[in-house]
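Just work_17.txt here, compact mmCIF, C-alpha atoms:
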# COMPACT_ATOMS: atom_id res chain seq x y z
CA MET A 997 -5.07 -68.37 -23.50
CA ALA A 998 -5.54 -65.43 -25.78
CA LEU A 999 -9.22 -66.20 -25.80
CA SER A 1000 -9.57 -66.07 -22.01
CA PHE A 1001 -7.92 -62.66 -21.95
CA GLN A 1002 -10.43 -61.60 -24.55
CA LEU A 1003 -13.18 -62.87 -22.33
CA THR A 1004 -12.04 -61.02 -19.21
CA GLY A 1005 -11.28 -57.89 -21.17
CA ILE A 1006 -7.80 -57.57 -19.71
CA ALA A 1007 -4.78 -57.22 -21.86
CA PRO A 1008 -1.26 -57.91 -20.47
CA THR A 1009 -0.30 -54.32 -21.23
CA ASP A 1010 -3.14 -52.90 -19.05
CA GLU A 1011 -2.10 -51.53 -15.67
CA VAL A 1012 -3.45 -53.35 -12.64
CA TRP A 1013 -3.88 -51.30 -9.48
CA SER A 1014 -3.43 -52.62 -6.00
CA VAL A 1015 -6.21 -51.96 -3.52
CA SER A 1016 -3.98 -49.73 -1.46
CA GLN A 1017 -2.97 -47.73 -4.53
CA LEU A 1018 -6.59 -46.98 -5.28
CA VAL A 1019 -7.55 -46.25 -1.67
CA SER A 1020 -4.54 -44.00 -1.27
CA ALA A 1021 -5.35 -42.18 -4.54
CA ALA A 1022 -8.96 -41.73 -3.39
CA LYS A 1023 -7.72 -40.47 -0.03
CA ARG A 1024 -5.49 -37.87 -1.71
CA LEU A 1025 -8.40 -36.80 -3.86
CA VAL A 1026 -10.86 -36.44 -0.98
CA GLU A 1027 -8.44 -34.83 1.43
CA GLY A 1028 -7.18 -32.45 -1.23
CA GLU A 1029 -10.70 -31.42 -2.09
CA PHE A 1030 -12.06 -30.51 1.34
CA MET A 1031 -10.98 -28.00 3.93
CA PRO A 1032 -12.43 -28.51 7.42
CA VAL A 1033 -16.18 -27.83 7.30
CA TRP A 1034 -18.89 -27.30 9.91
CA LEU A 1035 -21.67 -29.90 9.81
CA ARG A 1036 -24.85 -30.27 11.76
CA GLY A 1037 -26.11 -33.74 12.57
CA GLU A 1038 -27.20 -36.25 15.14
CA VAL A 1039 -24.71 -38.42 16.99
CA VAL A 1040 -25.33 -42.15 16.99
CA GLY A 1041 -23.33 -44.88 18.72
CA CYS A 1042 -20.63 -42.82 20.28
CA LYS A 1043 -17.92 -45.02 21.72
CA ALA A 1044 -15.23 -43.47 23.89
CA TRP A 1045 -12.12 -45.67 24.01
CA SER A 1046 -9.78 -45.82 26.96
CA SER A 1047 -7.20 -44.13 24.75
CA GLY A 1048 -9.51 -41.12 24.84
CA HIS A 1049 -10.48 -41.31 21.16
CA TRP A 1050 -14.17 -41.18 20.26
CA TYR A 1051 -15.81 -43.02 17.37
CA PHE A 1052 -19.40 -42.34 16.32
CA ASN A 1053 -21.72 -41.89 13.39
CA LEU A 1054 -23.21 -38.58 12.41
CA ARG A 1055 -26.49 -38.74 10.57
CA ASP A 1056 -29.40 -36.78 9.24
CA ARG A 1057 -32.63 -38.03 7.66
CA SER A 1058 -31.06 -39.63 4.62
CA SER A 1059 -27.31 -40.17 5.18
CA GLN A 1060 -24.76 -41.02 7.77
CA VAL A 1061 -21.01 -40.91 7.97
CA ARG A 1062 -18.42 -42.47 10.25
CA CYS A 1063 -16.52 -40.03 12.46
CA CYS A 1064 -13.52 -40.21 14.69
CA MET A 1065 -12.35 -37.63 17.18
CA TRP A 1066 -8.82 -37.98 18.54
CA SER A 1067 -8.40 -37.75 22.29
CA ARG A 1068 -6.79 -34.30 22.27
CA TYR A 1069 -9.90 -32.92 20.53
CA ALA A 1070 -12.35 -35.14 22.42
CA GLN A 1071 -11.12 -33.85 25.76
CA THR A 1072 -12.22 -30.32 24.83
CA ALA A 1073 -15.76 -31.54 24.10
CA GLY A 1074 -16.81 -32.64 27.58
CA GLU A 1075 -18.80 -35.83 28.04
CA PRO A 1076 -19.37 -38.21 25.11
CA PRO A 1077 -22.73 -37.30 23.56
CA LYS A 1078 -25.69 -39.60 24.05
CA ASP A 1079 -27.47 -41.10 21.05
CA GLY A 1080 -29.63 -38.58 19.29
CA THR A 1081 -27.76 -35.49 20.55
CA GLU A 1082 -27.77 -32.83 17.89
CA VAL A 1083 -24.36 -31.29 17.44
CA PHE A 1084 -22.25 -29.02 15.30
CA VAL A 1085 -18.92 -30.58 14.36
CA LEU A 1086 -15.88 -29.11 12.65
CA ALA A 1087 -14.49 -31.94 10.54
CA LYS A 1088 -12.15 -32.70 7.70
CA PRO A 1089 -13.36 -35.46 5.34
CA GLY A 1090 -10.87 -38.25 4.68
CA ILE A 1091 -10.45 -41.95 3.94
CA TYR A 1092 -9.49 -44.46 6.60
CA GLU A 1093 -7.07 -46.45 4.50
CA ALA A 1094 -7.01 -49.68 6.52
CA LYS A 1095 -10.72 -50.16 5.89
CA GLY A 1096 -11.10 -48.09 2.75
CA GLU A 1097 -13.81 -46.16 4.56
CA PHE A 1098 -14.90 -42.58 4.05
CA GLN A 1099 -14.82 -40.86 7.44
CA LEU A 1100 -14.71 -37.49 9.11
CA ASN A 1101 -11.87 -36.41 11.38
CA VAL A 1102 -13.65 -34.24 13.91
CA THR A 1103 -11.72 -31.55 15.75
CA ARG A 1104 -14.58 -29.75 17.51
CA MET A 1105 -18.01 -30.69 18.71
CA LEU A 1106 -20.65 -28.43 20.20
CA PRO A 1107 -24.14 -29.55 21.16
CA THR A 1108 -26.59 -27.23 19.40
CA ALA A 1109 -28.39 -26.76 22.70
CA ALA A 1110 -25.17 -25.40 24.23
CA ILE A 1111 -24.88 -22.96 21.35
CA GLY A 1112 -28.36 -21.74 22.13
CA ALA A 1113 -27.40 -21.30 25.77
CA ALA A 1114 -24.16 -19.52 24.82
CA GLN A 1115 -26.12 -17.18 22.57
CA ARG A 1116 -28.53 -16.37 25.38
CA GLU A 1117 -25.61 -15.70 27.76
CA LEU A 1118 -23.98 -13.43 25.17
CA GLU A 1119 -27.19 -11.43 24.87
CA ARG A 1120 -27.46 -11.15 28.65
CA VAL A 1121 -23.87 -9.88 29.04
CA LYS A 1122 -24.29 -7.46 26.17
CA GLU A 1123 -27.42 -6.01 27.70
CA SER A 1124 -25.82 -5.69 31.11
CA LEU A 1125 -22.74 -3.91 29.73
CA GLN A 1126 -24.90 -1.66 27.61
CA ARG A 1127 -27.05 -0.75 30.59
CA ASP A 1128 -23.91 0.28 32.49
CA GLY A 1129 -22.82 2.47 29.60
CA LEU A 1130 -19.71 0.48 28.74
CA PHE A 1131 -20.37 0.78 25.01
CA ASP A 1132 -21.08 4.53 25.17
CA HIS A 1133 -19.32 6.59 22.58
CA ALA A 1134 -18.66 9.32 25.12
CA ARG A 1135 -16.52 6.87 27.11
CA LYS A 1136 -14.10 6.36 24.23
CA ARG A 1137 -10.70 7.88 24.88
CA PRO A 1138 -8.43 8.98 22.04
CA ILE A 1139 -5.43 6.79 21.29
CA PRO A 1140 -2.21 8.68 22.14
CA PRO A 1141 -0.51 9.43 18.82
CA LEU A 1142 3.09 8.74 19.87
CA ALA A 1143 2.86 6.06 22.55
CA CYS A 1144 6.26 4.57 23.40
CA THR A 1145 5.21 2.11 26.11
CA VAL A 1146 2.41 -0.25 25.18
CA ALA A 1147 0.96 -3.10 27.24
CA VAL A 1148 -0.07 -6.22 25.33
CA VAL A 1149 -2.47 -8.62 27.02
CA THR A 1150 -2.37 -11.90 25.12
CA SER A 1151 -0.84 -15.37 25.17
CA THR A 1152 2.93 -15.42 24.76
CA ASP A 1153 2.43 -18.64 22.75
CA GLY A 1154 0.01 -17.13 20.26
CA ALA A 1155 0.52 -15.75 16.78
CA ALA A 1156 -1.04 -12.43 17.87
CA LEU A 1157 2.01 -11.45 19.92
CA HIS A 1158 4.36 -12.32 17.08
CA ASP A 1159 2.30 -10.21 14.66
CA ILE A 1160 2.23 -7.24 17.03
CA VAL A 1161 5.98 -7.37 17.72
CA THR A 1162 6.69 -7.57 13.97
CA VAL A 1163 4.51 -4.61 13.05
CA VAL A 1164 5.68 -2.42 15.94
CA GLY A 1165 9.29 -3.35 15.20
CA LYS A 1166 8.87 -2.18 11.64
CA ARG A 1167 6.94 1.03 12.32
CA TRP A 1168 8.10 2.25 15.71
CA PRO A 1169 11.22 0.46 16.95
CA CYS A 1170 11.70 2.93 19.79
CA CYS A 1171 8.64 1.38 21.42
CA ARG A 1172 8.68 -0.78 24.54
CA LEU A 1173 6.10 -3.57 24.61
CA VAL A 1174 5.15 -4.92 28.02
CA VAL A 1175 3.53 -8.31 27.52
CA LEU A 1176 1.09 -9.60 30.11
CA ASN A 1177 0.78 -13.28 29.41
CA ALA A 1178 -2.72 -14.71 29.69
CA ARG A 1179 -4.46 -17.80 28.42
CA VAL A 1180 -6.86 -16.65 25.76
CA GLN A 1181 -8.99 -19.76 25.34
CA GLY A 1182 -10.26 -22.75 27.23
CA GLY A 1183 -10.66 -23.13 30.98
CA GLY A 1184 -9.04 -20.40 33.03
CA ALA A 1185 -8.86 -17.93 30.17
CA VAL A 1186 -11.38 -15.53 31.72
CA GLY A 1187 -9.55 -15.43 35.06
CA ALA A 1188 -6.16 -15.05 33.39
CA LEU A 1189 -7.35 -12.18 31.18
CA VAL A 1190 -9.00 -10.40 34.11
CA ARG A 1191 -5.79 -10.68 36.20
CA ALA A 1192 -3.59 -9.49 33.32
CA LEU A 1193 -5.84 -6.49 32.62
CA ALA A 1194 -5.78 -5.55 36.30
CA LEU A 1195 -1.97 -5.74 36.28
CA VAL A 1196 -1.80 -3.17 33.47
CA ASN A 1197 -2.95 -0.52 35.95
CA ARG A 1198 -0.09 -1.36 38.30
CA ILE A 1199 2.74 -0.96 35.78
CA PRO A 1200 4.07 2.58 35.66
CA GLY A 1201 4.54 4.37 32.35
CA ILE A 1202 2.03 2.41 30.27
CA GLU A 1203 0.39 4.71 27.72
CA LEU A 1204 -1.84 2.28 25.83
CA CYS A 1205 -3.10 -1.30 26.16
CA ILE A 1206 -3.78 -3.83 23.41
CA VAL A 1207 -5.80 -6.91 24.30
CA GLY A 1208 -6.40 -9.70 21.84
CA ARG A 1209 -5.66 -12.96 20.16
CA GLY A 1210 -5.49 -14.43 16.69
CA GLY A 1211 -8.40 -16.03 14.88
CA GLY A 1212 -10.10 -19.18 16.08
CA GLY A 1213 -13.42 -20.91 16.37
CA ARG A 1214 -16.30 -19.08 17.94
CA GLU A 1215 -15.87 -20.87 21.26
CA ASP A 1216 -12.15 -19.99 21.24
CA LEU A 1217 -13.10 -16.35 21.37
CA ALA A 1218 -15.61 -16.89 24.17
CA ALA A 1219 -13.43 -15.38 26.89
CA PHE A 1220 -13.53 -12.06 25.04
CA ASN A 1221 -17.31 -12.09 25.36
CA SER A 1222 -17.27 -12.71 29.08
CA GLU A 1223 -18.68 -10.07 31.37
CA ALA A 1224 -15.70 -10.22 33.74
CA VAL A 1225 -13.16 -9.63 30.97
CA CYS A 1226 -15.22 -6.78 29.50
CA ARG A 1227 -15.51 -5.07 32.88
CA ALA A 1228 -11.79 -5.54 33.57
CA LEU A 1229 -11.04 -3.98 30.18
CA ALA A 1230 -13.28 -1.02 30.94
CA ALA A 1231 -11.34 -0.52 34.19
CA VAL A 1232 -7.98 -0.20 32.45
CA ARG A 1233 -6.76 3.33 33.11
CA VAL A 1234 -5.09 3.92 29.74
CA PRO A 1235 -6.75 3.87 26.31
CA THR A 1236 -7.40 0.34 25.02
CA ILE A 1237 -7.47 -1.42 21.65
CA SER A 1238 -9.25 -4.75 21.27
CA ALA A 1239 -8.12 -7.10 18.50
CA VAL A 1240 -9.82 -10.45 18.63
CA GLY A 1241 -9.73 -13.02 15.87
CA HIS A 1242 -10.10 -12.33 12.21
CA GLU A 1243 -11.56 -9.37 10.46
CA THR A 1244 -15.13 -10.67 10.63
CA ASP A 1245 -15.19 -11.70 14.30
CA VAL A 1246 -16.63 -9.09 16.63
CA SER A 1247 -16.43 -9.69 20.35
CA LEU A 1248 -17.82 -7.71 23.26
CA THR A 1249 -14.32 -6.52 24.20
CA ASP A 1250 -14.27 -4.85 20.76
CA LEU A 1251 -17.30 -2.83 21.81
CA VAL A 1252 -15.92 -1.95 25.25
CA ALA A 1253 -12.40 -0.99 24.12
CA ASP A 1254 -11.68 2.58 23.05
CA LEU A 1255 -10.79 1.29 19.61
CA ARG A 1256 -11.54 -1.94 17.76
CA ALA A 1257 -8.92 -3.43 15.45
CA PRO A 1258 -9.83 -6.13 12.94
CA THR A 1259 -6.65 -8.13 13.64
CA PRO A 1260 -3.70 -8.00 16.07
CA SER A 1261 -1.46 -6.65 13.26
CA ALA A 1262 -3.97 -3.88 12.60
CA ALA A 1263 -4.05 -3.12 16.33
CA ALA A 1264 -0.28 -2.66 16.28
CA GLU A 1265 -0.58 -0.29 13.33
CA MET A 1266 -3.20 1.77 15.15
CA ALA A 1267 -1.20 1.74 18.38
CA VAL A 1268 2.06 3.20 17.20
CA ALA A 1269 3.21 5.96 14.88
CA ASP A 1270 5.33 5.49 11.79
CA ARG A 1271 8.95 6.42 12.53
CA HIS A 1272 9.56 7.82 9.05
CA GLU A 1273 6.55 10.06 9.29
CA VAL A 1274 7.70 11.46 12.63
CA LEU A 1275 11.24 11.95 11.27
CA ARG A 1276 9.78 13.95 8.39
CA ARG A 1277 7.83 16.03 10.88
CA LEU A 1278 11.04 16.61 12.85
CA ASP A 1279 12.83 17.69 9.65
CA ALA A 1280 10.08 20.20 8.93
CA LEU A 1281 10.26 21.53 12.49
CA GLY A 1282 14.06 21.79 12.22
CA ALA A 1283 13.72 23.85 9.05
CA ARG A 1284 11.15 26.13 10.66
CA LEU A 1285 13.37 26.47 13.72
CA ALA A 1286 16.34 27.62 11.62
CA GLY A 1287 14.08 29.86 9.52
CA GLY A 1288 12.53 31.35 12.64
CA LEU A 1289 15.91 32.25 14.10
CA ALA A 1290 17.16 33.67 10.80
CA GLY A 1291 14.03 35.80 10.52
CA ARG A 1292 14.43 36.96 14.08
CA THR A 1293 18.12 37.96 13.64
CA ARG A 1294 17.34 39.74 10.35
CA LEU A 1295 14.70 41.70 12.20
CA ALA A 1296 17.19 42.50 14.95
CA SER A 1297 19.86 43.67 12.52
CA GLU A 1298 17.37 45.84 10.69
CA ARG A 1299 16.36 47.36 13.98
CA LEU A 1300 20.04 47.87 14.83
CA VAL A 1301 20.64 49.73 11.57
CA ARG A 1302 17.62 51.91 12.22
CA THR A 1303 18.85 52.59 15.74
CA ALA A 1304 22.35 53.49 14.47
CA ASP A 1305 20.81 55.92 12.00
CA ARG A 1306 18.89 57.56 14.79
CA VAL A 1307 22.02 57.75 16.99
CA ARG A 1308 24.01 59.32 14.16
CA GLY A 1309 21.23 61.87 13.54
CA ALA A 1310 21.09 62.71 17.24
CA MET A 1311 24.88 63.08 17.41
CA GLU A 1312 24.91 65.42 14.45
CA ALA A 1313 22.16 67.56 15.93
CA ALA A 1314 24.05 67.72 19.21
CA LEU A 1315 27.24 68.68 17.38
CA ARG A 1316 25.42 71.39 15.49
CA ARG A 1317 24.01 72.72 18.73
CA GLU A 1318 27.44 72.72 20.38
CA ARG A 1319 28.95 74.46 17.38
CA HIS A 1320 26.33 77.24 17.62
CA ARG A 1321 26.99 77.62 21.30
CA ALA A 1322 30.74 77.81 20.67
CA ASP A 1323 30.16 80.48 18.06
CA ARG A 1324 27.98 82.45 20.43
CA LEU A 1325 30.49 82.15 23.27
CA GLY A 1326 33.27 83.18 20.90
CA ALA A 1327 31.37 86.33 20.01
CA GLN A 1328 30.84 87.14 23.69
CA LEU A 1329 34.51 86.43 24.38
CA ASP A 1330 35.42 88.77 21.54
CA ALA A 1331 33.30 91.52 22.99
CA LEU A 1332 35.14 91.22 26.29
CA SER A 1333 38.59 91.42 24.68
CA PRO A 1334 40.53 94.63 25.82
CA LEU A 1335 41.52 95.21 22.24
CA ARG A 1336 37.83 95.78 21.44
CA ILE A 1337 37.67 98.37 24.23
CA LEU A 1338 40.64 100.20 22.70
CA ASP A 1339 38.63 100.29 19.46
CA ARG A 1340 36.12 102.40 21.25
CA GLY A 1341 38.81 105.03 22.11
CA TYR A 1342 40.13 103.87 25.45
CA ALA A 1343 43.94 103.66 25.99
CA VAL A 1344 45.94 101.54 28.39
CA PRO A 1345 49.09 102.90 30.07
CA VAL A 1346 51.88 100.36 30.52
CA ASP A 1347 55.38 100.81 31.99
CA PRO A 1348 58.45 99.90 29.90
CA ASP A 1349 58.17 96.31 31.23
CA GLY A 1350 54.63 96.04 29.81
CA ARG A 1351 52.88 96.13 33.23
CA VAL A 1352 49.56 97.96 33.20
CA LEU A 1353 49.61 101.11 35.31
CA LYS A 1354 46.30 101.30 37.18
CA ARG A 1355 46.88 103.68 40.14
CA ARG A 1356 48.23 107.22 40.66
CA ALA A 1357 51.08 105.87 42.80
CA GLU A 1358 52.38 103.94 39.86
CA PHE A 1359 53.00 107.15 37.89
CA SER A 1360 56.30 108.72 39.12
CA PRO A 1361 56.71 112.40 37.99
CA GLY A 1362 58.86 112.56 34.85
CA ALA A 1363 58.78 108.78 34.32
CA PRO A 1364 58.26 107.56 30.77
CA PHE A 1365 55.49 105.07 29.97
CA ARG A 1366 53.63 103.98 26.89
CA LEU A 1367 49.97 104.25 25.94
CA ARG A 1368 48.53 101.32 24.15
CA VAL A 1369 45.82 102.36 21.70
CA ALA A 1370 43.78 100.50 19.12
CA ASP A 1371 46.43 100.30 16.42
CA GLY A 1372 49.65 100.22 18.53
CA ASP A 1373 51.26 102.25 21.26
CA VAL A 1374 52.75 105.72 21.69
CA GLY A 1375 55.41 107.04 24.07
CA ALA A 1376 54.35 109.30 26.98
CA ARG A 1377 55.84 110.88 30.11
CA VAL A 1378 54.36 111.87 33.46
CA GLU A 1379 54.32 115.70 33.88
CA PRO A 1380 56.46 116.84 36.80
CA SER A 1381 53.95 117.96 39.41
CA MET B 1145 10.65 13.50 28.49
CA SER B 1146 8.84 11.56 25.75
CA ILE B 1147 8.90 12.01 21.98
CA ALA B 1148 5.40 13.43 22.18
CA GLU B 1149 6.55 16.03 24.71
CA ASP B 1150 9.61 16.86 22.61
CA LEU B 1151 7.45 17.38 19.53
CA ASN B 1152 4.90 19.50 21.37
CA ARG B 1153 7.60 21.70 22.89
CA LEU B 1154 9.32 22.01 19.49
CA GLU B 1155 6.11 23.18 17.90
CA GLU B 1156 5.64 25.72 20.66
CA ILE B 1157 9.23 26.97 20.22
CA VAL B 1158 8.84 27.32 16.45
CA ARG B 1159 5.58 29.22 16.87
CA LYS B 1160 7.23 31.61 19.33
CA LEU B 1161 10.25 32.12 17.06
CA GLU B 1162 8.03 32.81 14.10
CA ALA B 1163 6.09 35.44 16.03
CA GLU B 1164 7.94 38.75 15.74
CA ASP B 1165 7.65 40.02 19.27
CA VAL B 1166 10.30 37.79 20.84
CA GLU B 1167 13.54 39.45 22.01
CA LEU B 1168 16.74 38.40 20.30
CA ASP B 1169 18.37 36.82 23.35
CA ALA B 1170 15.13 34.97 24.12
CA ALA B 1171 15.02 33.84 20.48
CA LEU B 1172 18.56 32.50 20.74
CA ALA B 1173 17.67 30.60 23.93
CA LEU B 1174 14.57 29.15 22.23
CA PHE B 1175 16.64 28.13 19.23
CA GLU B 1176 19.19 26.35 21.41
CA GLU B 1177 16.48 24.50 23.28
CA GLY B 1178 14.83 23.58 19.98
CA VAL B 1179 18.05 22.11 18.64
CA ALA B 1180 18.49 20.07 21.84
CA ARG B 1181 14.91 18.78 21.58
CA LEU B 1182 15.39 17.87 17.93
CA ARG B 1183 18.53 15.94 18.76
CA ALA B 1184 16.88 14.15 21.70
CA ALA B 1185 13.84 13.13 19.63
CA ARG B 1186 16.04 11.88 16.79
CA GLU B 1187 18.13 9.85 19.21
CA ARG B 1188 15.03 8.27 20.69
CA LEU B 1189 13.70 7.45 17.23
CA GLY B 1190 17.01 5.87 16.32
CA ALA B 1191 16.39 2.78 18.52
CA ALA B 1192 17.32 -0.26 16.48
CA GLU B 1193 14.65 -2.66 17.62
CA VAL B 1194 11.56 -2.83 19.71
CA LYS B 1195 12.05 -3.87 23.30
CA VAL B 1196 9.74 -6.67 24.42
CA GLN B 1197 9.33 -7.27 28.13
CA THR B 1198 7.13 -9.49 30.17
CA VAL B 1199 5.78 -8.97 33.66
CA LEU B 1200 6.69 -11.34 36.42
CA ASP B 1201 4.46 -11.23 39.47
CA GLU B 1202 6.60 -12.37 42.36
CA ALA B 1203 4.30 -12.59 45.34
CA GLY B 1204 2.71 -9.27 44.46
CA ASP B 1205 5.99 -7.61 43.48
CA LEU B 1206 5.96 -6.82 39.79
CA ARG B 1207 9.19 -7.16 37.88
CA LEU B 1208 9.82 -6.62 34.17
CA SER B 1209 12.06 -9.01 32.33
CA ASP B 1210 13.14 -9.03 28.71
CA LEU B 1211 11.32 -11.47 26.53
CA ASP B 1212 13.32 -13.21 23.82
CA GLY B 1213 12.01 -13.56 20.30
Represent the structure contained in this file as structure tokens.
Amino acid sequence: MALSFQLTGIAPTDEVWSVSQLVSAAKRLVEGEFMPVWLRGEVVGCKAWSSGHWYFNLRDRSSQVRCCMWSRYAQTAGEPPKDGTEVFVLAKPGIYEAKGEFQLNVTRMLPTAAIGAAQRELERVKESLQRDGLFDHARKRPIPPLACTVAVVTSTDGAALHDIVTVVGKRWPCCRLVVLNARVQGGGAVGALVRALALVNRIPGIELCIVGRGGGGREDLAAFNSEAVCRALAAVRVPTISAVGHETDVSLTDLVADLRAPTPSAAAEMAVADRHEVLRRLDALGARLAGGLAGRTRLASERLVRTADRVRGAMEAALRRERHRADRLGAQLDALSPLRILDRGYAVPVDPDGRVLKRRAEFSPGAPFRLRVADGDVGARVEPS
Amino acid sequence: MSIAEDLNRLEEIVRKLEAEDVELDAALALFEEGVARLRAARERLGAAEVKVQTVLDEAGDLRLSDLDG
């Protein structure tokens, strides 16, 4: 017994794996190691099941690998490829546990010939837009610095909208976002985007328009390279920001829009101001406002003081003038006084009641009267005639 | 009146106030308007959260409706 164990090289303490343990460990290893990768190869033996799933081999000159494509991915790839069709596939390597087979789970498939055609179409559209001046720098309008009503053309199901709402909510919560829902990929996306962009012009109060979507495969972004969408974007009456895909993806809408943003979040940052910055600006303006008024009132009070000084000076001069005039009048008055005349040797006759006697008839013969002279009066009598 | 208009008008008011040739009663009127603009802009900026609306096209009639989330 001990001998046979020796012969097989297995000791009772050694661990024995089950097949499924090993396959499952290998599966974890493989699937942990690889992210989805793009491969180029030739399709052989594609079988489309009634369930909609496709099974095929992908090969090149020296290797081949089994592939499966679940129906929900297969239905985006058109007709099942014929043997020998050269394709690009996006696939995640894995292990099919039931058979212990290494296989690729394919999520996208594009015939290389179609890519060539798509590239040619892209070039054609680009040339046409360029010829019509849609990329011209002179066309670019400035983004309004404090927009409060912003249109967003994107899918309401996408991550782009969520990112934009989050960023705008943080920076500029007084903003109103008007979302124009549009499919952004697959069939119907071009028409939906064109309709949504046309609607922007019919909504009153819009100051700025963001169009975009989150990242995706190159064909997911295709609608943003379509001539119709680019022309609809150029026809939007307010300034536009295009934000399509990730940082590295550039689409034709990026070139047509007034501003290109690397991501939808970045578009939101470019679209709206920062509330705190504007509040600081308001604080500074408030301080200048108060300072301006204070300066202005100080100026006014200084002017008032100067004016009062002038008024006082004028009053004093007038008073002095009046005083001189009074003095002069006083002197004249003095000169007219009868007492002054008496000084010069005149005398005034008055009767005992003090009435001045001016006419002969007032002097009765023998009647006493008095003569007022400069320093008093003397008694007198009319000579009997 | 938008925040942008409020800010532009405020800057104009401050410039006028800081120039010395404005009459005192005009300066007081400018100051009062400036304070009102400041208050209005601050109120607008005080909005708690961004308003998200979507456009419903009902047989050519556009209607805005609030979008949740």
Rows by chain and residue number, chain A within 9 Å of chain B, shortest pair, all atoms listed in the file, as CSV:
residue,atom,partner,partner_atom,distance
A:Pro1140,CA,B:Ala1148,CA,9.0
A:Pro1141,CA,B:Ala1148,CA,7.9
A:Leu1142,CA,B:Ala1148,CA,5.7
A:Ala1143,CA,B:Ala1148,CA,7.8
A:Cys1144,CA,B:Ser1146,CA,7.8
A:His1158,CA,B:Gly1213,CA,8.4
A:Val1161,CA,B:Val1194,CA,7.5
A:Thr1162,CA,B:Val1194,CA,8.9
A:Val1164,CA,B:Val1194,CA,7.0
A:Gly1165,CA,B:Val1194,CA,5.1
A:Lys1166,CA,B:Glu1193,CA,8.3
A:Trp1168,CA,B:Val1194,CA,7.3
A:Pro1169,CA,B:Val1194,CA,4.3
A:Cys1170,CA,B:Ala1191,CA,4.9
A:Cys1171,CA,B:Val1194,CA,5.4
A:Arg1172,CA,B:Lys1195,CA,4.7
A:Leu1173,CA,B:Val1196,CA,4.8
A:Val1174,CA,B:Gln1197,CA,4.8
A:Val1175,CA,B:Thr1198,CA,4.6
A:Leu1176,CA,B:Val1199,CA,5.9
A:Asn1177,CA,B:Thr1198,CA,7.4
A:Leu1195,CA,B:Leu1206,CA,8.7
A:Arg1198,CA,B:Leu1206,CA,8.3
A:Ile1199,CA,B:Leu1206,CA,7.8
A:Arg1271,CA,B:Leu1189,CA,6.8
A:Val1274,CA,B:Leu1189,CA,8.6
A:Leu1275,CA,B:Arg1186,CA,7.3
A:Arg1277,CA,B:Leu1151,CA,8.8
A:Leu1278,CA,B:Leu1182,CA,6.8
A:Asp1279,CA,B:Leu1182,CA,8.7
A:Leu1281,CA,B:Glu1155,CA,7.0
A:Gly1282,CA,B:Leu1182,CA,7.1
A:Arg1284,CA,B:Val1158,CA,6.3
A:Leu1285,CA,B:Val1158,CA,5.4
A:Ala1286,CA,B:Phe1175,CA,7.6
A:Gly1287,CA,B:Glu1162,CA,8.1
A:Gly1288,CA,B:Glu1162,CA,5.0
A:Leu1289,CA,B:Leu1161,CA,6.4
A:Gly1291,CA,B:Glu1162,CA,7.6
A:Arg1292,CA,B:Leu1168,CA,6.8
A:Thr1293,CA,B:Leu1168,CA,6.8
A:Leu1295,CA,B:Glu1164,CA,8.2
A:Ala1296,CA,B:Leu1168,CA,6.8
Take the selection from the previous step and output its residues with C-alpha atoms, as a compact mmCIF listing (two decimals), in the frame of the given file.
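As a result, out_0.txt now contains:
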# COMPACT_ATOMS: atom_id res chain seq x y z
CA PRO A 1140 -2.21 8.68 22.14
CA PRO A 1141 -0.51 9.43 18.82
CA LEU A 1142 3.09 8.74 19.87
CA ALA A 1143 2.86 6.06 22.55
CA CYS A 1144 6.26 4.57 23.40
CA HIS A 1158 4.36 -12.32 17.08
CA VAL A 1161 5.98 -7.37 17.72
CA THR A 1162 6.69 -7.57 13.97
CA VAL A 1164 5.68 -2.42 15.94
CA GLY A 1165 9.29 -3.35 15.20
CA LYS A 1166 8.87 -2.18 11.64
CA TRP A 1168 8.10 2.25 15.71
CA PRO A 1169 11.22 0.46 16.95
CA CYS A 1170 11.70 2.93 19.79
CA CYS A 1171 8.64 1.38 21.42
CA ARG A 1172 8.68 -0.78 24.54
CA LEU A 1173 6.10 -3.57 24.61
CA VAL A 1174 5.15 -4.92 28.02
CA VAL A 1175 3.53 -8.31 27.52
CA LEU A 1176 1.09 -9.60 30.11
CA ASN A 1177 0.78 -13.28 29.41
CA LEU A 1195 -1.97 -5.74 36.28
CA ARG A 1198 -0.09 -1.36 38.30
CA ILE A 1199 2.74 -0.96 35.78
CA ARG A 1271 8.95 6.42 12.53
CA VAL A 1274 7.70 11.46 12.63
CA LEU A 1275 11.24 11.95 11.27
CA ARG A 1277 7.83 16.03 10.88
CA LEU A 1278 11.04 16.61 12.85
CA ASP A 1279 12.83 17.69 9.65
CA LEU A 1281 10.26 21.53 12.49
CA GLY A 1282 14.06 21.79 12.22
CA ARG A 1284 11.15 26.13 10.66
CA LEU A 1285 13.37 26.47 13.72
CA ALA A 1286 16.34 27.62 11.62
CA GLY A 1287 14.08 29.86 9.52
CA GLY A 1288 12.53 31.35 12.64
CA LEU A 1289 15.91 32.25 14.10
CA GLY A 1291 14.03 35.80 10.52
CA ARG A 1292 14.43 36.96 14.08
CA THR A 1293 18.12 37.96 13.64
CA LEU A 1295 14.70 41.70 12.20
CA ALA A 1296 17.19 42.50 14.95
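The space separating CA of Arg1167 in chain A from CA of Leu1204 in chain A comes to 16.2 Å.
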For Gln1017 in chain A: contacts at 12 Å, all atoms listed in the file, fewer than 5 positions along chain excluded, given as a PyMOL selection string: chain A and resi 1011-1012+1022-1024+1093-1094+1096
